[in-house]
Amino acid sequence: MSGGWLAGVFYPALVALTLVFGFRMVFVRTPWQQTAIAVFAGYFGVATESFVIDTDHWRHTFLLMA
């Protein structure tokens, strides 16, 4: 909530959408599928840990989302 109500709504939505689209990319056969698997695995760990620790200021979280 450090960004207000708008950020409090859209940040969890962005995390959820990143997980959904990343999960889809894991199963699509593309030249970058192996990279997608590695990035999704890393982001899934970060997103899971974010339930315990505040993550809205972690720079690597936004790099993995991008």
# chains A, B, ... in the order shown; residues from 1 in each chain; ligands from 1
$ residues_around --residues "A:Pro12" --least-positions-apart "4" --cutoff "12 Å" --atoms "only C-alpha atoms" --output "VMD selection string"
chain A and resid 1 5 to 8 16 to 19 47 50 to 51 54 to 56
$ residues_around --residues "A:Met65" --least-positions-apart "4" --cutoff "10 Å" --atoms "only C-alpha atoms" --output "list in words"
Leu14, Val15, Leu17, Thr18, Leu19, Gly22, Val39, Phe40, Tyr43, His60 and Thr61 of chain A
$ write_last_selection --atoms "N, CA and C atoms" --output "CSV table (one decimal), in the first residue's frame"
chain,number,residue,atom,x,y,z
A,14,LEU,N,-0.9,-7.6,-11.1
A,14,LEU,CA,0.3,-7.7,-12.0
A,14,LEU,C,1.0,-9.0,-11.6
A,15,VAL,N,1.2,-9.3,-10.4
A,15,VAL,CA,1.8,-10.5,-9.9
A,15,VAL,C,1.1,-11.7,-10.4
A,17,LEU,N,-1.1,-11.9,-13.0
A,17,LEU,CA,-1.1,-12.0,-14.4
A,17,LEU,C,0.3,-12.5,-14.9
A,18,THR,N,1.4,-12.1,-14.3
A,18,THR,CA,2.7,-12.6,-14.6
A,18,THR,C,2.8,-14.1,-14.4
A,19,LEU,N,2.3,-14.5,-13.3
A,19,LEU,CA,2.3,-16.0,-13.0
A,19,LEU,C,1.5,-16.8,-14.1
A,22,GLY,N,3.3,-16.5,-17.5
A,22,GLY,CA,4.5,-17.3,-17.4
A,22,GLY,C,4.3,-18.8,-17.4
A,39,VAL,N,13.1,-18.5,-16.0
A,39,VAL,CA,12.6,-17.2,-15.5
A,39,VAL,C,11.4,-17.5,-14.7
A,40,PHE,N,10.5,-18.3,-15.2
A,40,PHE,CA,9.2,-18.6,-14.4
A,40,PHE,C,9.5,-19.3,-13.1
A,43,TYR,N,10.8,-16.6,-10.8
A,43,TYR,CA,9.7,-15.6,-10.4
A,43,TYR,C,8.7,-16.3,-9.5
A,60,HIS,N,14.7,-6.8,-8.2
A,60,HIS,CA,14.7,-8.0,-9.0
A,60,HIS,C,13.3,-8.6,-9.3
A,61,THR,N,12.4,-8.3,-8.5
A,61,THR,CA,11.0,-8.7,-8.8
A,61,THR,C,10.5,-8.1,-10.1
$ residues_around --residues "A:Phe27" --least-positions-apart "6" --cutoff "12 Å" --atoms "only C-alpha atoms" --output "PyMOL selection string"
chain A and resi 20-21+33-37+40
$ atom_distance --atom1 "atom CA of A:Gly42" --atom2 "atom CA of A:Phe62"
12.1 Å
$ atom_distance --atom1 "atom CA of A:Phe23" --atom2 "atom CA of A:Gly4"
28.9 Å
$ select_by_dssp --residues "chain A" --states "helix (DSSP H, G or I)" --output "ChimeraX atom specification"
/A:5-26,33-49,59-65
$ atom_distance --atom1 "atom CA of A:Leu64" --atom2 "atom CA of A:Gly3"
20.2 Å
$ decode --residues "stretch 7-22 of chain A" --atoms "all heavy atoms" --output "compact mmCIF listing (two decimals), in the first residue's frame"
# COMPACT_ATOMS: atom_id res chain seq x y z
N ALA A 7 -2.25 1.26 -6.36
CA ALA A 7 -1.12 0.32 -6.36
C ALA A 7 -1.45 -0.92 -5.55
O ALA A 7 -1.02 -2.03 -5.90
CB ALA A 7 0.12 0.98 -5.80
N GLY A 8 -2.24 -0.77 -4.50
CA GLY A 8 -2.63 -1.92 -3.69
C GLY A 8 -3.51 -2.89 -4.43
O GLY A 8 -3.56 -4.08 -4.11
N VAL A 9 -4.22 -2.41 -5.44
CA VAL A 9 -5.07 -3.29 -6.26
C VAL A 9 -4.29 -3.84 -7.44
O VAL A 9 -4.36 -5.03 -7.76
CB VAL A 9 -6.32 -2.51 -6.74
CG1 VAL A 9 -7.09 -3.31 -7.76
CG2 VAL A 9 -7.19 -2.15 -5.57
N PHE A 10 -3.53 -2.99 -8.12
CA PHE A 10 -2.88 -3.40 -9.35
C PHE A 10 -1.60 -4.20 -9.16
O PHE A 10 -1.23 -4.98 -10.03
CB PHE A 10 -2.62 -2.19 -10.26
CG PHE A 10 -3.86 -1.71 -10.93
CD1 PHE A 10 -4.43 -0.51 -10.58
CD2 PHE A 10 -4.47 -2.48 -11.90
CE1 PHE A 10 -5.59 -0.07 -11.18
CE2 PHE A 10 -5.63 -2.06 -12.52
CZ PHE A 10 -6.19 -0.85 -12.16
N TYR A 11 -0.90 -4.01 -8.07
CA TYR A 11 0.32 -4.79 -7.85
C TYR A 11 0.02 -6.29 -7.69
O TYR A 11 0.64 -7.11 -8.38
CB TYR A 11 1.11 -4.27 -6.64
CG TYR A 11 2.38 -5.04 -6.39
CD1 TYR A 11 3.47 -4.91 -7.24
CD2 TYR A 11 2.49 -5.92 -5.31
CE1 TYR A 11 4.63 -5.62 -7.02
CE2 TYR A 11 3.65 -6.63 -5.09
CZ TYR A 11 4.72 -6.48 -5.95
OH TYR A 11 5.85 -7.20 -5.74
N PRO A 12 -0.94 -6.70 -6.87
CA PRO A 12 -1.27 -8.14 -6.83
C PRO A 12 -1.83 -8.65 -8.16
O PRO A 12 -1.57 -9.79 -8.55
CB PRO A 12 -2.34 -8.25 -5.73
CG PRO A 12 -2.17 -7.04 -4.91
CD PRO A 12 -1.66 -5.98 -5.82
N ALA A 13 -2.56 -7.80 -8.87
CA ALA A 13 -3.06 -8.20 -10.19
C ALA A 13 -1.91 -8.42 -11.16
O ALA A 13 -1.92 -9.38 -11.94
CB ALA A 13 -4.02 -7.15 -10.73
N LEU A 14 -0.90 -7.56 -11.12
CA LEU A 14 0.27 -7.72 -11.98
C LEU A 14 1.04 -8.99 -11.64
O LEU A 14 1.49 -9.71 -12.53
CB LEU A 14 1.18 -6.49 -11.85
CG LEU A 14 2.45 -6.49 -12.70
CD1 LEU A 14 2.10 -6.50 -14.17
CD2 LEU A 14 3.29 -5.28 -12.36
N VAL A 15 1.17 -9.28 -10.36
CA VAL A 15 1.83 -10.51 -9.94
C VAL A 15 1.06 -11.73 -10.44
O VAL A 15 1.64 -12.68 -11.00
CB VAL A 15 2.00 -10.55 -8.40
CG1 VAL A 15 2.46 -11.91 -7.93
CG2 VAL A 15 2.97 -9.48 -7.95
N ALA A 16 -0.25 -11.73 -10.28
CA ALA A 16 -1.07 -12.86 -10.71
C ALA A 16 -1.03 -13.03 -12.22
O ALA A 16 -0.88 -14.16 -12.72
CB ALA A 16 -2.51 -12.67 -10.25
N LEU A 17 -1.12 -11.94 -12.97
CA LEU A 17 -1.06 -12.05 -14.43
C LEU A 17 0.30 -12.53 -14.91
O LEU A 17 0.39 -13.30 -15.87
CB LEU A 17 -1.40 -10.70 -15.07
CG LEU A 17 -2.87 -10.33 -15.06
CD1 LEU A 17 -3.05 -8.91 -15.57
CD2 LEU A 17 -3.65 -11.30 -15.91
N THR A 18 1.36 -12.08 -14.26
CA THR A 18 2.69 -12.56 -14.61
C THR A 18 2.82 -14.05 -14.39
O THR A 18 3.40 -14.77 -15.21
CB THR A 18 3.76 -11.80 -13.81
OG1 THR A 18 3.61 -10.40 -14.04
CG2 THR A 18 5.16 -12.22 -14.21
N LEU A 19 2.27 -14.55 -13.29
CA LEU A 19 2.30 -15.99 -13.03
C LEU A 19 1.48 -16.76 -14.06
O LEU A 19 1.91 -17.81 -14.53
CB LEU A 19 1.80 -16.28 -11.61
CG LEU A 19 2.74 -15.89 -10.49
CD1 LEU A 19 2.04 -16.03 -9.14
CD2 LEU A 19 4.00 -16.73 -10.53
N VAL A 20 0.32 -16.25 -14.41
CA VAL A 20 -0.53 -16.94 -15.39
C VAL A 20 0.13 -16.99 -16.76
O VAL A 20 0.23 -18.06 -17.38
CB VAL A 20 -1.92 -16.25 -15.48
CG1 VAL A 20 -2.71 -16.75 -16.67
CG2 VAL A 20 -2.69 -16.48 -14.20
N PHE A 21 0.61 -15.85 -17.25
CA PHE A 21 1.24 -15.82 -18.57
C PHE A 21 2.56 -16.58 -18.56
O PHE A 21 2.91 -17.22 -19.56
CB PHE A 21 1.45 -14.38 -19.04
CG PHE A 21 0.19 -13.72 -19.50
CD1 PHE A 21 -0.29 -12.61 -18.85
CD2 PHE A 21 -0.53 -14.22 -20.57
CE1 PHE A 21 -1.45 -12.00 -19.26
CE2 PHE A 21 -1.69 -13.63 -21.01
CZ PHE A 21 -2.16 -12.50 -20.34
N GLY A 22 3.29 -16.52 -17.48
CA GLY A 22 4.54 -17.29 -17.38
C GLY A 22 4.29 -18.78 -17.39
O GLY A 22 5.01 -19.54 -18.04
